[in-house]
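Q: Below is the structure I would like to discuss, written out as structure tokens.
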Amino acid sequence: MSAWSRRDAEEVLAKRLLERDAPPPPAKPKTLGGLVTEYLDYKRAKGKRSIRQDEQISEKLKRGLGAETSVTEITAQRIAQYDRDRVTQTSRLGRLVTASTVNRELAILRHMLRLAEEWGYIAKVPKIRLSKEPEGRLRFLSEDEIERLLVACEDRRRKSPYLLPIVTIALSP
């Protein structure tokens, strides 16, 4: 066994410091399909109840943007093009896809990309603009519906004694 000289120790130390401080080798870029899989696993582990809806939306995102597309290639321009394409498509019911539907899809994509940023797959999340949604419809109960509601509340009085007074106040003009 040979003894180390000061020079040998300094060379080994310098080499180790260079190895430690060197940037990690570039990882294989994450594809959208891979990100979707990780996202869904993450959501399942968190106990998300609407996971089936997320799976359906994720399939639409993979078809529209390409499952093999690198996450780094998903730009604001590409997302805007996806938005424009989706609103010209028809739904299962034969109607045009609404802005609300596309917004739900883009919201999930935004969350996926934010997680991708957090997990180190992308440097910055691209800007995702959601469309303006129409106001929901305003509807009033008919006299018959009000009567049936009050009778149903009366029937539940034993289990929920405050239901009838609350509904009565809510129905007051």
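For the structure tokens, the naming scheme is as follows: chains receive sequential letters (A, B, ...) according to their order of presentation, residues are indexed from 1 within each chain, and ligands are indexed from 1 in presentation order.
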For the structure I just gave you, how does DSSP split chain A - specifically, which residues are strand (DSSP E or B)? Reply as a count of residues only.
A: 4
Q: Which residues of range 66-125 of chain A sit at most 10 Å from range 132-149 of chain A, using only C-alpha atoms? Give each one's shortest atom pair and distance in Å (one decimal place), in chain and ascending residue order, as JSON lines.
A:
{"residue": "A:Thr98", "atom": "CA", "partner": "A:Glu133", "partner_atom": "CA", "distance": 8.6}
{"residue": "A:Ala99", "atom": "CA", "partner": "A:Glu133", "partner_atom": "CA", "distance": 6.1}
{"residue": "A:Ser100", "atom": "CA", "partner": "A:Glu133", "partner_atom": "CA", "distance": 5.9}
{"residue": "A:Thr101", "atom": "CA", "partner": "A:Glu133", "partner_atom": "CA", "distance": 9.6}
{"residue": "A:Asn103", "atom": "CA", "partner": "A:Glu133", "partner_atom": "CA", "distance": 8.6}
Q: Would you output that residue set with N, CA, C and O atoms, as a PDB file, in the first residue's frame?
A:
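Saved result, result_27.pdb, follows:
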ATOM      1  N   THR A  98     -68.578  22.775 -26.127  1.00  0.00           N
ATOM      2  CA  THR A  98     -68.737  24.113 -25.545  1.00  0.00           C
ATOM      3  C   THR A  98     -67.423  24.625 -24.955  1.00  0.00           C
ATOM      4  O   THR A  98     -66.502  23.854 -24.681  1.00  0.00           O
ATOM      5  N   ALA A  99     -67.386  25.920 -24.749  1.00  0.00           N
ATOM      6  CA  ALA A  99     -66.219  26.546 -24.123  1.00  0.00           C
ATOM      7  C   ALA A  99     -66.008  25.984 -22.723  1.00  0.00           C
ATOM      8  O   ALA A  99     -64.868  25.796 -22.286  1.00  0.00           O
ATOM      9  N   SER A 100     -67.093  25.692 -22.025  1.00  0.00           N
ATOM     10  CA  SER A 100     -66.990  25.135 -20.672  1.00  0.00           C
ATOM     11  C   SER A 100     -66.263  23.798 -20.683  1.00  0.00           C
ATOM     12  O   SER A 100     -65.415  23.536 -19.831  1.00  0.00           O
ATOM     13  N   THR A 101     -66.596  22.949 -21.638  1.00  0.00           N
ATOM     14  CA  THR A 101     -65.953  21.636 -21.748  1.00  0.00           C
ATOM     15  C   THR A 101     -64.461  21.797 -21.999  1.00  0.00           C
ATOM     16  O   THR A 101     -63.635  21.143 -21.351  1.00  0.00           O
ATOM     17  N   ASN A 103     -62.634  24.369 -21.325  1.00  0.00           N
ATOM     18  CA  ASN A 103     -62.014  24.948 -20.127  1.00  0.00           C
ATOM     19  C   ASN A 103     -61.697  23.874 -19.090  1.00  0.00           C
ATOM     20  O   ASN A 103     -60.665  23.939 -18.424  1.00  0.00           O
TER      21      ASN A 103
END
Q: May I ask which of the residues A:Ile169, A:Ile122, A:Leu115, A:Ile108 is the closest one to Lys60 in chain A, counting only C-alpha atoms?
A: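 The closest residue to Lys60 in chain A is A:Ile108.
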Q: If we count only C-alpha atoms, what is near Pro29 in chain A at a cut-off of 10 Å, once residues fewer than 2 positions away on the same chain are taken out, given as a list in words?
A: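 Once the nearby chain positions are removed, what remains is Pro26, Ala27, Thr31, Leu32, Gly34, Thr69, Ser70, Val71, Thr72, Glu73, Tyr121 and Ile122 of chain A.
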Q: Kindly save the residues from that selection, with all heavy atoms included, as a compact mmCIF listing (two decimals), in the first residue's frame.
A:
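Wrote out-v9.txt, looks like this:
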# COMPACT_ATOMS: atom_id res chain seq x y z
N PRO A 26 -28.62 14.99 -18.94
CA PRO A 26 -29.99 15.33 -19.32
C PRO A 26 -30.86 14.07 -19.34
O PRO A 26 -30.50 13.07 -19.94
CB PRO A 26 -29.85 15.94 -20.72
CG PRO A 26 -28.51 15.54 -21.20
CD PRO A 26 -27.67 15.24 -20.00
N ALA A 27 -31.99 14.17 -18.66
CA ALA A 27 -32.92 13.05 -18.62
C ALA A 27 -33.68 12.99 -19.94
O ALA A 27 -33.83 14.00 -20.62
CB ALA A 27 -33.88 13.21 -17.47
N THR A 31 -42.78 12.51 -21.98
CA THR A 31 -43.83 12.68 -22.98
C THR A 31 -45.14 13.02 -22.28
O THR A 31 -45.29 12.79 -21.07
CB THR A 31 -44.03 11.40 -23.80
OG1 THR A 31 -44.47 10.35 -22.92
CG2 THR A 31 -42.76 10.99 -24.52
N LEU A 32 -46.08 13.54 -23.04
CA LEU A 32 -47.39 13.84 -22.48
C LEU A 32 -48.05 12.57 -21.95
O LEU A 32 -48.65 12.57 -20.88
CB LEU A 32 -48.29 14.53 -23.52
CG LEU A 32 -49.70 14.86 -23.05
CD1 LEU A 32 -49.67 15.81 -21.85
CD2 LEU A 32 -50.53 15.44 -24.18
N GLY A 34 -46.57 9.93 -20.73
CA GLY A 34 -45.92 9.59 -19.46
C GLY A 34 -46.37 10.50 -18.34
O GLY A 34 -46.58 10.06 -17.20
N THR A 69 -45.71 13.42 -27.67
CA THR A 69 -45.16 14.78 -27.67
C THR A 69 -44.40 15.02 -26.37
O THR A 69 -44.90 14.71 -25.29
CB THR A 69 -46.29 15.81 -27.79
OG1 THR A 69 -47.02 15.56 -28.98
CG2 THR A 69 -45.76 17.23 -27.80
N SER A 70 -43.21 15.56 -26.48
CA SER A 70 -42.44 15.90 -25.29
C SER A 70 -43.15 17.03 -24.55
O SER A 70 -43.70 17.94 -25.18
CB SER A 70 -41.04 16.36 -25.70
OG SER A 70 -40.36 16.90 -24.59
N VAL A 71 -43.16 16.96 -23.25
CA VAL A 71 -43.82 17.99 -22.44
C VAL A 71 -43.20 19.36 -22.70
O VAL A 71 -43.89 20.38 -22.66
CB VAL A 71 -43.76 17.62 -20.93
CG1 VAL A 71 -44.41 18.68 -20.08
CG2 VAL A 71 -44.44 16.29 -20.70
N THR A 72 -41.92 19.39 -23.01
CA THR A 72 -41.25 20.67 -23.29
C THR A 72 -41.74 21.29 -24.60
O THR A 72 -41.57 22.48 -24.82
CB THR A 72 -39.73 20.50 -23.35
OG1 THR A 72 -39.42 19.51 -24.35
CG2 THR A 72 -39.17 20.06 -22.01
N GLU A 73 -42.37 20.51 -25.47
CA GLU A 73 -42.88 21.01 -26.75
C GLU A 73 -44.31 21.54 -26.64
O GLU A 73 -44.86 22.05 -27.62
CB GLU A 73 -42.84 19.91 -27.81
CG GLU A 73 -41.44 19.46 -28.17
CD GLU A 73 -41.45 18.26 -29.11
OE1 GLU A 73 -42.51 17.97 -29.72
OE2 GLU A 73 -40.40 17.61 -29.23
N TYR A 121 -39.69 18.47 -14.88
CA TYR A 121 -39.75 18.06 -16.29
C TYR A 121 -39.72 19.25 -17.23
O TYR A 121 -39.27 19.13 -18.37
CB TYR A 121 -41.00 17.24 -16.58
CG TYR A 121 -41.10 15.96 -15.77
CD1 TYR A 121 -42.31 15.53 -15.27
CD2 TYR A 121 -39.98 15.18 -15.50
CE1 TYR A 121 -42.41 14.36 -14.53
CE2 TYR A 121 -40.07 14.03 -14.76
CZ TYR A 121 -41.28 13.62 -14.28
OH TYR A 121 -41.39 12.47 -13.55
N ILE A 122 -40.23 20.40 -16.78
CA ILE A 122 -40.20 21.62 -17.60
C ILE A 122 -39.73 22.77 -16.72
O ILE A 122 -39.86 22.73 -15.50
CB ILE A 122 -41.58 21.94 -18.22
CG1 ILE A 122 -42.66 22.09 -17.15
CG2 ILE A 122 -41.96 20.92 -19.26
CD1 ILE A 122 -44.01 22.54 -17.69
Q: Name the residues in contact with Asp85 in chain A at a cut-off of 10 Å, using only C-alpha atoms, excluding same-chain residues fewer than 3 positions from it; report them as a VMD selection string.
A: chain A and resid 64 79 to 82 88 to 89 97 102
Q: Using only C-alpha atoms, which of the listed residues (A:Leu93, A:Leu163, A:Ala67, A:Leu130) sits closest to Lys30 in chain A?
A: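 Nearest candidate to Lys30 in chain A out of A:Leu93, A:Leu163, A:Ala67, A:Leu130: A:Ala67.
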Q: In Å to one decimal, how far is CA of Met112 in chain A from CA of Val36 in chain A?
A: 7.4 Å
